[in-house]
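Novice: Before we start, here is the structure in question, set down as structure tokens.
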Amino acid sequence: MEQQARIDKWLWAARIFKTRSLAAEACKKGHVTLGGAQLKPSRTIKAGDVVSVRKSPITYSFKVLQPIEQRVGAKLLPDILENVTAPEQLELLEMNRISGFVGRARGTGRPTKKDRRALDEFAAEADDTLVFFSDLDY
């Protein structure tokens with residue numbers, strides 16, 4: 001009989017997700033596909049399947065070499081999966097890393113220290129050039 005494993009357990013065991021519940025949640029949200037079809041957490045996979053996992057900002061693709069359900073050491077991962085992610089996706093990830101705004105979209109959320117300093121500097125320059133109506137001669 002051919003060896004099979006649940007997709008949520010395999011994603012966790014192959015260290016693609018930190019916890020099994022995160023892997024199951026990703027499946028439920030439609031972030032995990034097999035041949036373009038969304039997978040439920042209980043779906044079984046077998047050796048040779050190519051699983052796509054969308055983790056913002058890119059979609060990773062992994063070829064299942066060995067369907068396992070027990071987590072293994074990181075050194076054993078080459079026996080479990082093969083990363084077949086498209087080079088364009090990896091390039092997109094690198095571009096996103098270089099931009100420095102991986103965690104949030106620019107302009108949203110709390111400003112970083114660098115952003116705050118730039119804002120303070122801009123405000124100081126604006127105060128120097130600001131003219132008040134009370135200062136004008138009528």
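The chains in the structure tokens are called A, B, ... from first to last as shown; in each chain the residues are counted from 1, and the ligands are counted from 1 in the order shown.
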Would you list, as a PDB file with N, CA, C and O atoms, in the first residue's frame, the residues of stretch 33-71 of chain A that end up in strand (DSSP E) under DSSP run on this structure's backbone?
Specialist:
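Wrote it out as selection.pdb, contents follow:
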ATOM      1  N   THR A  33      -3.043  24.507  -2.099  1.00  0.00           N
ATOM      2  CA  THR A  33      -3.670  23.901  -3.276  1.00  0.00           C
ATOM      3  C   THR A  33      -2.826  22.731  -3.782  1.00  0.00           C
ATOM      4  O   THR A  33      -1.617  22.667  -3.546  1.00  0.00           O
ATOM      5  N   LEU A  34      -3.498  21.845  -4.502  1.00  0.00           N
ATOM      6  CA  LEU A  34      -2.851  20.712  -5.146  1.00  0.00           C
ATOM      7  C   LEU A  34      -3.410  20.656  -6.556  1.00  0.00           C
ATOM      8  O   LEU A  34      -4.592  20.389  -6.736  1.00  0.00           O
ATOM      9  N   ALA A  37      -6.496  22.918  -7.150  1.00  0.00           N
ATOM     10  CA  ALA A  37      -7.683  22.695  -6.325  1.00  0.00           C
ATOM     11  C   ALA A  37      -7.344  22.944  -4.854  1.00  0.00           C
ATOM     12  O   ALA A  37      -6.321  22.469  -4.355  1.00  0.00           O
ATOM     13  N   GLN A  38      -8.214  23.697  -4.186  1.00  0.00           N
ATOM     14  CA  GLN A  38      -8.007  23.971  -2.773  1.00  0.00           C
ATOM     15  C   GLN A  38      -8.180  22.695  -1.963  1.00  0.00           C
ATOM     16  O   GLN A  38      -9.000  21.840  -2.290  1.00  0.00           O
ATOM     17  N   THR A  44      -5.681  13.706   1.971  1.00  0.00           N
ATOM     18  CA  THR A  44      -4.433  12.944   2.019  1.00  0.00           C
ATOM     19  C   THR A  44      -3.587  13.233   0.777  1.00  0.00           C
ATOM     20  O   THR A  44      -4.116  13.477  -0.299  1.00  0.00           O
ATOM     21  N   ILE A  45      -2.297  13.207   0.983  1.00  0.00           N
ATOM     22  CA  ILE A  45      -1.342  13.415  -0.111  1.00  0.00           C
ATOM     23  C   ILE A  45      -0.434  12.203  -0.182  1.00  0.00           C
ATOM     24  O   ILE A  45      -0.317  11.443   0.781  1.00  0.00           O
ATOM     25  N   LYS A  46       0.221  12.040  -1.328  1.00  0.00           N
ATOM     26  CA  LYS A  46       1.144  10.914  -1.506  1.00  0.00           C
ATOM     27  C   LYS A  46       2.432  11.429  -2.144  1.00  0.00           C
ATOM     28  O   LYS A  46       2.504  12.581  -2.575  1.00  0.00           O
ATOM     29  N   VAL A  50       2.587  17.764  -5.918  1.00  0.00           N
ATOM     30  CA  VAL A  50       3.172  19.101  -5.802  1.00  0.00           C
ATOM     31  C   VAL A  50       2.146  19.990  -5.116  1.00  0.00           C
ATOM     32  O   VAL A  50       1.081  20.268  -5.656  1.00  0.00           O
ATOM     33  N   VAL A  51       2.477  20.422  -3.910  1.00  0.00           N
ATOM     34  CA  VAL A  51       1.590  21.229  -3.073  1.00  0.00           C
ATOM     35  C   VAL A  51       2.031  22.682  -3.159  1.00  0.00           C
ATOM     36  O   VAL A  51       3.213  22.985  -3.009  1.00  0.00           O
ATOM     37  N   SER A  52       1.069  23.587  -3.395  1.00  0.00           N
ATOM     38  CA  SER A  52       1.354  25.023  -3.429  1.00  0.00           C
ATOM     39  C   SER A  52       0.801  25.657  -2.167  1.00  0.00           C
ATOM     40  O   SER A  52      -0.344  25.406  -1.788  1.00  0.00           O
ATOM     41  N   VAL A  53       1.623  26.478  -1.523  1.00  0.00           N
ATOM     42  CA  VAL A  53       1.247  27.142  -0.280  1.00  0.00           C
ATOM     43  C   VAL A  53       1.425  28.643  -0.461  1.00  0.00           C
ATOM     44  O   VAL A  53       2.540  29.097  -0.739  1.00  0.00           O
ATOM     45  N   ARG A  54       0.334  29.392  -0.321  1.00  0.00           N
ATOM     46  CA  ARG A  54       0.412  30.848  -0.460  1.00  0.00           C
ATOM     47  C   ARG A  54       0.681  31.463   0.909  1.00  0.00           C
ATOM     48  O   ARG A  54      -0.139  31.404   1.809  1.00  0.00           O
ATOM     49  N   LYS A  55       1.884  32.002   1.043  1.00  0.00           N
ATOM     50  CA  LYS A  55       2.275  32.741   2.241  1.00  0.00           C
ATOM     51  C   LYS A  55       2.695  34.106   1.726  1.00  0.00           C
ATOM     52  O   LYS A  55       3.679  34.211   1.009  1.00  0.00           O
ATOM     53  N   ILE A  58       4.323  35.605  -1.517  1.00  0.00           N
ATOM     54  CA  ILE A  58       4.533  34.695  -2.646  1.00  0.00           C
ATOM     55  C   ILE A  58       3.835  33.354  -2.428  1.00  0.00           C
ATOM     56  O   ILE A  58       3.340  33.064  -1.340  1.00  0.00           O
ATOM     57  N   THR A  59       3.848  32.534  -3.473  1.00  0.00           N
ATOM     58  CA  THR A  59       3.300  31.184  -3.411  1.00  0.00           C
ATOM     59  C   THR A  59       4.446  30.188  -3.556  1.00  0.00           C
ATOM     60  O   THR A  59       5.128  30.169  -4.576  1.00  0.00           O
ATOM     61  N   TYR A  60       4.659  29.412  -2.500  1.00  0.00           N
ATOM     62  CA  TYR A  60       5.697  28.385  -2.512  1.00  0.00           C
ATOM     63  C   TYR A  60       5.132  27.109  -3.127  1.00  0.00           C
ATOM     64  O   TYR A  60       3.953  26.814  -2.975  1.00  0.00           O
ATOM     65  N   SER A  61       5.981  26.330  -3.772  1.00  0.00           N
ATOM     66  CA  SER A  61       5.588  25.027  -4.314  1.00  0.00           C
ATOM     67  C   SER A  61       6.557  23.984  -3.782  1.00  0.00           C
ATOM     68  O   SER A  61       7.774  24.177  -3.825  1.00  0.00           O
ATOM     69  N   PHE A  62       5.989  22.898  -3.260  1.00  0.00           N
ATOM     70  CA  PHE A  62       6.803  21.829  -2.694  1.00  0.00           C
ATOM     71  C   PHE A  62       6.387  20.496  -3.296  1.00  0.00           C
ATOM     72  O   PHE A  62       5.208  20.198  -3.386  1.00  0.00           O
ATOM     73  N   LYS A  63       7.385  19.712  -3.692  1.00  0.00           N
ATOM     74  CA  LYS A  63       7.124  18.361  -4.179  1.00  0.00           C
ATOM     75  C   LYS A  63       7.263  17.416  -2.988  1.00  0.00           C
ATOM     76  O   LYS A  63       8.277  17.436  -2.286  1.00  0.00           O
ATOM     77  N   VAL A  64       6.239  16.598  -2.753  1.00  0.00           N
ATOM     78  CA  VAL A  64       6.234  15.659  -1.636  1.00  0.00           C
ATOM     79  C   VAL A  64       7.108  14.464  -2.015  1.00  0.00           C
ATOM     80  O   VAL A  64       6.810  13.753  -2.971  1.00  0.00           O
TER      81      VAL A  64
END
Novice: Using only C-alpha atoms, which of the listed residues (A:Asp49, A:Thr108, A:Ala126, A:Ser56) sits closest to A:Gly36?
Specialist: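 Going through A:Asp49, A:Thr108, A:Ala126, A:Ser56 one by one, the smallest distance to A:Gly36 is for A:Asp49.
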Novice: In Å to one decimal, how far is atom CA of A:Gln89 from atom CA of A:Pro57?
Specialist: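 Going from atom CA of A:Pro57 over to atom CA of A:Gln89, I get 8.7 Å.
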Novice: Determine the nearest neighbour of A:His31 from the options A:Ala14, A:Gln66, A:Asp8, A:Ala47, counting only C-alpha atoms.
Specialist: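 Going through A:Ala14, A:Gln66, A:Asp8, A:Ala47 one by one, the smallest distance to A:His31 is for A:Asp8.
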Novice: Can you work out which one of A:Ala5, A:Leu119, A:Met95, A:Cys27 has the shortest atom-to-atom distance to A:Ile68, counting only C-alpha atoms?
Specialist: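 Distance minimum relative to A:Ile68 lands on A:Ala5.
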Novice: Have a look at atom CA of A:Lys75 and atom CA of A:Gly30 and let me know their distance in Å, one decimal.
Specialist: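 Computed distance, atom CA of A:Lys75 to atom CA of A:Gly30, equals 29.2 Å.
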